[in-house]
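Report on the structure given below.
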Amino acid sequence: MSYYEPLVYIVPPEEEGFILKTILQKRLMVSRKLLSRIKLTEQGITVNGIRQYISIKVKAGDRVEIRMEEEESEDILPQDLPLHIIHEDEHLLILAKDAGIIVHPTHGHYVNTIANGVVYHWQQAGISCRFRPVHRLDQETSGVLAIAKTPYVHQQISEQMIQHQVKKEYLAFVWGIVTAKNGTINEPIDRDPEQPHVRIVTPDGYFAVTHYEVVEQFAHAALVRIWLETGRTHQIRVHMRHLGHPLLGDKMYTLPEYEQSLAAAEASERLDRQALHAFKLGFVHPGTREWTEYNAPLPADLSALQTWLQESN
């Protein structure tokens with residue numbers, strides 16, 4: 001049986017006499033669900049190298065270790081695809097995702113996804129991990145994507161997301177003159193009852209908050225920086241449309257006055273997707289316990305779009 005690198009905690013003097021379960025849940029931040037899973041694993045929880053029940057009391061200097069079995073994504077076909085790796089360690093793989101590629105295989109899309117490429121990359125490196133993205137990016141959205149290598153890492157970042165402690169910042173090109181140079185959109189979002197794949201702002205929807213700041217204003221559009229408090233499906237696209245400034249290239253959430261404009265026709269020749277890029281992702285790294293941020297610069301298509309908009313002023 002093979003294991004990932006163990007998580008280690010040395011009990012400090014002030015925690016002598018603590019119950020092992022408390023150390024696992026309050027110091028290593030292991031969820032109850034994950035703890036139940038680890039307890040069933042041989043050598044899953046040890047103190048000074050000896051398997052122990054989680055009801056024992058620990059002593060100062062004790063070396064607490066938890067181990068998880070290595071996994072594989074058996075249902076994902078390894079495929080040699082280009083990956084833009086920003087960072088990789090034993091805990092995480094951070095990628096700069098291209099627009100147009102799906103993150104995870106779905107019905108009808110079993111190959112040519114990020115997952116296929118990552119599983120191949122790990123296979124070539126002799127790494128046995130299950131593919132676990134810790135957040136989602138739409139197919140047509142580019143930018144930073146984090147993939148956890150263990151259940152523990154996935155759980156840790158997911159908990160930070162639930163507590164709104166993960167920083168997710170985007171750059172978007174939107175139509176129109178944005179008069180308020182910064183602001184907050186606090187409008188609930190839910191499915192459109194007539195088109196279930198589309199989201200709309202509705203009083204009965206789910207709580208959703210988007211913050212924005214204008215970075216650069218052009219003659220017919222603007223570049224805005226956006227950061228989220230919540231992570232609803234299509235949130236940025238829906239909120240910016242509600243504000244009256246839909247994203248360039250976004251056919252699902254456009255508005256008639258922009259869809260039929262000459263500028264939109266010219267922009268569509270330069271851009272074949274929504275102009276949205278996840279340029280920054282920040283969280284407390286589960287391995288180092290330090291705040292870490294990862295950045296992905298504007299890809300070539302959006303950089304060219306920016307230049308065209310500047311020259312059109």
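Residue numbering restarts at 1 in every chain; chains get A, B, ... in the order shown in the structure tokens, and ligands count up from 1 in that same order.
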Where does DSSP see strand (DSSP E or B) in range 37-248 of chain A, if you list the residues as a PyMOL selection string?
chain A and resi 45-47+50-51+57+63-66+69+85-88+92-97+102+106+109+113+132-133+142-148+167-175+182-186+189-192+195-201+206+209-217+221-228+247
May I have the residues within 8 Å of Asp98 in chain A as an NGL selection string, using only C-alpha atoms and disregarding those fewer than 4 positions away in the same chain?
:A and (141-143 or 299)
Could those residues be written to a file, using N, CA and C atoms, as a tab-separated table (two decimals), in the first residue's frame?
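File selection_8.tsv, as written:
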chain	number	residue	atom	x	y	z
A	141	THR	N	-13.38	30.67	-20.09
A	141	THR	CA	-12.62	31.56	-19.20
A	141	THR	C	-11.19	31.04	-19.06
A	142	SER	N	-10.24	31.93	-19.19
A	142	SER	CA	-8.83	31.56	-19.01
A	142	SER	C	-8.38	31.94	-17.61
A	143	GLY	N	-7.19	31.45	-17.21
A	143	GLY	CA	-6.63	31.92	-15.95
A	143	GLY	C	-6.18	30.85	-14.99
A	299	PRO	N	-3.74	36.46	-21.44
A	299	PRO	CA	-3.32	35.65	-22.59
A	299	PRO	C	-3.28	36.49	-23.86
Residues at most 8 Å from Ala278 in chain A, counting only C-alpha atoms, excluding those fewer than 3 positions away in the same chain, as a PyMOL selection string?
chain A and resi 141-144+168-171+281+296
Close residues, Phe218 in chain A itself excluded, 6 Å, only C-alpha atoms, min 3 positions apart in chain, as an MDAnalysis selection string:
chainID A and resid 221:222 313
Which of these, A:His197, A:His109, A:Glu69, A:Pro188, has the shortest distance to Arg130 in chain A once you count only C-alpha atoms?
A:Glu69
Find the spatial neighbours of Pro256 in chain A, counting only C-alpha atoms, within a cut-off of 12 Å - ignore same-chain residues fewer than 4 positions away - and output them as a PyMOL selection string.
chain A and resi 175+241+244-246+251-252+260-261+264
Since we have the selection now, will you write its residues out, keeping C-alpha atoms, as a PDB file, in the first residue's frame?
ATOM      1  CA  TRP A 175     -19.140  47.057 -22.984  1.00  0.00           C
ATOM      2  CA  ARG A 241     -25.001  42.275 -17.630  1.00  0.00           C
ATOM      3  CA  GLY A 244     -25.661  47.190 -18.090  1.00  0.00           C
ATOM      4  CA  HIS A 245     -22.115  46.254 -19.068  1.00  0.00           C
ATOM      5  CA  PRO A 246     -21.995  42.700 -20.439  1.00  0.00           C
ATOM      6  CA  LYS A 251     -23.131  35.653 -26.557  1.00  0.00           C
ATOM      7  CA  MET A 252     -25.261  34.217 -23.740  1.00  0.00           C
ATOM      8  CA  GLN A 260     -25.997  44.820 -32.842  1.00  0.00           C
ATOM      9  CA  SER A 261     -23.332  47.514 -32.696  1.00  0.00           C
ATOM     10  CA  ALA A 264     -19.328  44.399 -31.399  1.00  0.00           C
TER      11      ALA A 264
END
Can you check which residues of range 240-279 of chain A DSSP gives as helix (DSSP H, G or I) on the backbone and send them as a VMD selection string?
chain A and resid 240 to 242 256 to 259 262 to 268
Grab the residues selected above and save them as a tab-separated table (two decimals), in the first residue's frame with all heavy atoms.
chain	number	residue	atom	x	y	z
A	240	MET	N	-22.49	41.60	-14.37
A	240	MET	CA	-22.08	42.70	-15.25
A	240	MET	C	-23.17	43.02	-16.28
A	240	MET	O	-23.37	44.18	-16.64
A	240	MET	CB	-20.75	42.37	-15.93
A	240	MET	CG	-19.57	42.26	-14.96
A	240	MET	SD	-19.42	43.61	-13.76
A	240	MET	CE	-19.09	45.02	-14.84
A	241	ARG	N	-23.86	42.02	-16.74
A	241	ARG	CA	-25.00	42.27	-17.63
A	241	ARG	C	-26.07	43.06	-16.88
A	241	ARG	O	-26.66	44.01	-17.42
A	241	ARG	CB	-25.59	40.96	-18.14
A	241	ARG	CG	-26.75	41.15	-19.12
A	241	ARG	CD	-27.44	39.83	-19.44
A	241	ARG	NE	-28.37	39.96	-20.54
A	241	ARG	CZ	-29.60	40.42	-20.44
A	241	ARG	NH1	-30.06	40.83	-19.26
A	241	ARG	NH2	-30.39	40.49	-21.51
A	242	HIS	N	-26.35	42.68	-15.64
A	242	HIS	CA	-27.35	43.37	-14.83
A	242	HIS	C	-26.97	44.83	-14.63
A	242	HIS	O	-27.84	45.71	-14.59
A	242	HIS	CB	-27.48	42.67	-13.47
A	242	HIS	CG	-28.48	43.29	-12.56
A	242	HIS	ND1	-29.84	43.13	-12.73
A	242	HIS	CD2	-28.33	44.09	-11.46
A	242	HIS	CE1	-30.49	43.80	-11.79
A	242	HIS	NE2	-29.60	44.39	-11.01
A	256	PRO	N	-28.99	43.77	-26.40
A	256	PRO	CA	-29.23	44.12	-27.82
A	256	PRO	C	-28.43	45.31	-28.31
A	256	PRO	O	-27.93	45.31	-29.43
A	256	PRO	CB	-30.74	44.40	-27.85
A	256	PRO	CG	-31.30	43.60	-26.71
A	256	PRO	CD	-30.24	43.63	-25.65
A	257	GLU	N	-28.29	46.36	-27.48
A	257	GLU	CA	-27.61	47.57	-27.95
A	257	GLU	C	-26.14	47.32	-28.24
A	257	GLU	O	-25.53	48.05	-29.04
A	257	GLU	CB	-27.75	48.70	-26.92
A	257	GLU	CG	-27.25	48.38	-25.53
A	257	GLU	CD	-28.35	47.88	-24.61
A	257	GLU	OE1	-29.23	47.13	-25.08
A	257	GLU	OE2	-28.31	48.25	-23.42
A	258	TYR	N	-25.54	46.32	-27.61
A	258	TYR	CA	-24.15	46.00	-27.89
A	258	TYR	C	-24.02	44.88	-28.92
A	258	TYR	O	-23.13	44.90	-29.76
A	258	TYR	CB	-23.43	45.59	-26.59
A	258	TYR	CG	-23.42	46.70	-25.57
A	258	TYR	CD1	-24.05	46.56	-24.34
A	258	TYR	CD2	-22.78	47.91	-25.83
A	258	TYR	CE1	-24.05	47.58	-23.40
A	258	TYR	CE2	-22.78	48.94	-24.90
A	258	TYR	CZ	-23.42	48.76	-23.68
A	258	TYR	OH	-23.41	49.79	-22.77
A	259	GLU	N	-24.94	43.94	-28.87
A	259	GLU	CA	-24.91	42.80	-29.80
A	259	GLU	C	-24.99	43.28	-31.24
A	259	GLU	O	-24.37	42.70	-32.14
A	259	GLU	CB	-26.06	41.85	-29.48
A	259	GLU	CG	-26.09	40.60	-30.34
A	259	GLU	CD	-27.25	39.70	-29.98
A	259	GLU	OE1	-28.26	40.20	-29.43
A	259	GLU	OE2	-27.16	38.50	-30.25
A	262	LEU	N	-21.67	48.20	-34.31
A	262	LEU	CA	-20.54	48.02	-35.21
A	262	LEU	C	-19.30	47.59	-34.43
A	262	LEU	O	-18.53	46.74	-34.86
A	262	LEU	CB	-20.25	49.32	-35.96
A	262	LEU	CG	-19.06	49.30	-36.93
A	262	LEU	CD1	-19.27	48.24	-38.01
A	262	LEU	CD2	-18.86	50.68	-37.56
A	263	ALA	N	-19.13	48.17	-33.24
A	263	ALA	CA	-17.98	47.82	-32.41
A	263	ALA	C	-18.01	46.35	-32.04
A	263	ALA	O	-16.97	45.67	-32.03
A	263	ALA	CB	-17.97	48.67	-31.14
A	264	ALA	N	-19.21	45.81	-31.75
A	264	ALA	CA	-19.33	44.40	-31.40
A	264	ALA	C	-18.96	43.52	-32.59
A	264	ALA	O	-18.33	42.47	-32.44
A	264	ALA	CB	-20.75	44.10	-30.93
A	265	ALA	N	-19.37	43.93	-33.77
A	265	ALA	CA	-19.04	43.17	-34.97
A	265	ALA	C	-17.53	43.14	-35.19
A	265	ALA	O	-16.95	42.10	-35.54
A	265	ALA	CB	-19.74	43.78	-36.19
A	266	GLU	N	-16.87	44.26	-34.95
A	266	GLU	CA	-15.41	44.31	-35.10
A	266	GLU	C	-14.71	43.50	-34.01
A	266	GLU	O	-13.73	42.80	-34.27
A	266	GLU	CB	-14.93	45.77	-35.06
A	266	GLU	CG	-15.42	46.59	-36.26
A	266	GLU	CD	-14.99	48.04	-36.16
A	266	GLU	OE1	-14.45	48.43	-35.10
A	266	GLU	OE2	-15.19	48.78	-37.13
A	267	ALA	N	-15.26	43.56	-32.79
A	267	ALA	CA	-14.66	42.82	-31.68
A	267	ALA	C	-14.78	41.32	-31.90
A	267	ALA	O	-13.86	40.55	-31.56
A	267	ALA	CB	-15.32	43.21	-30.36
A	268	SER	N	-15.90	40.88	-32.48
A	268	SER	CA	-16.12	39.45	-32.69
A	268	SER	C	-15.11	38.86	-33.68
A	268	SER	O	-14.86	37.66	-33.67
A	268	SER	CB	-17.54	39.20	-33.20
A	268	SER	OG	-17.73	39.77	-34.48
What does the distance between CA of Leu247 in chain A and CA of Asn295 in chain A come to in Å, to one decimal place?
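Value for the CA of Leu247 in chain A-CA of Asn295 in chain A distance: 21.4 Å.
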If we count only C-alpha atoms, what is near range 224-238 of chain A at a cut-off of 7 Å, once residues fewer than 5 positions away on the same chain are taken out, given as a ChimeraX atom specification?
/A:164,168-173,199-200,208-216,246-247,253
Near Leu302 in chain A, within 10 Å and counting only C-alpha atoms, which residues show up once chain neighbours fewer than 5 positions away are dropped, as an MDAnalysis selection string?
chainID A and resid 142 171:173 270:271 273:277 297 307:308
Find the distance between CA of His91 in chain A and CA of Ala60 in chain A and write it in Å to one decimal.
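Atom-to-atom, CA of His91 in chain A to CA of Ala60 in chain A, that is 27.3 Å.
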Closest-contact table, range 48-120 of chain A side, partner range 19-32 of chain A, 6 Å, counting only C-alpha atoms, as JSON lines:
{"residue": "A:Ile54", "atom": "CA", "partner": "A:Lys21", "partner_atom": "CA", "distance": 4.9}
{"residue": "A:Ser55", "atom": "CA", "partner": "A:Ile19", "partner_atom": "CA", "distance": 5.9}
{"residue": "A:Ile56", "atom": "CA", "partner": "A:Ile19", "partner_atom": "CA", "distance": 5.7}
{"residue": "A:Lys57", "atom": "CA", "partner": "A:Ile19", "partner_atom": "CA", "distance": 4.5}
Could you write out that same residue set with N, CA, C and O atoms as a compact mmCIF listing (two decimals), in the first residue's frame?
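The result, stored in again.txt:
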# COMPACT_ATOMS: atom_id res chain seq x y z
N ILE A 54 -7.80 7.92 18.47
CA ILE A 54 -7.85 9.38 18.54
C ILE A 54 -8.33 9.88 19.90
O ILE A 54 -8.39 11.07 20.14
N SER A 55 -8.63 8.95 20.81
CA SER A 55 -9.09 9.35 22.15
C SER A 55 -7.95 9.49 23.15
O SER A 55 -8.17 9.95 24.28
N ILE A 56 -6.70 9.15 22.75
CA ILE A 56 -5.58 9.23 23.69
C ILE A 56 -5.19 10.69 23.94
O ILE A 56 -5.50 11.58 23.15
N LYS A 57 -4.48 10.91 25.04
CA LYS A 57 -3.94 12.23 25.34
C LYS A 57 -2.49 12.29 24.85
O LYS A 57 -1.73 11.34 25.00
Of A:Leu243, A:Ile38, A:Ile94, A:Met68, the one sitting nearest Val174 in chain A when using only C-alpha atoms is A:Leu243
Find, counting only C-alpha atoms, the residue in A:Gln124, A:His135, A:Ala180, A:Val118 that gets nearest to Ser158 in chain A.
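Looking at the shortest contact to Ser158 in chain A, the residue is A:His135.
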Top pick for closest residue to Gln79 in chain A, considering A:Gly100, A:Tyr120, A:Thr41, A:Arg67 and counting only C-alpha atoms:
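Closest candidate: A:Tyr120.
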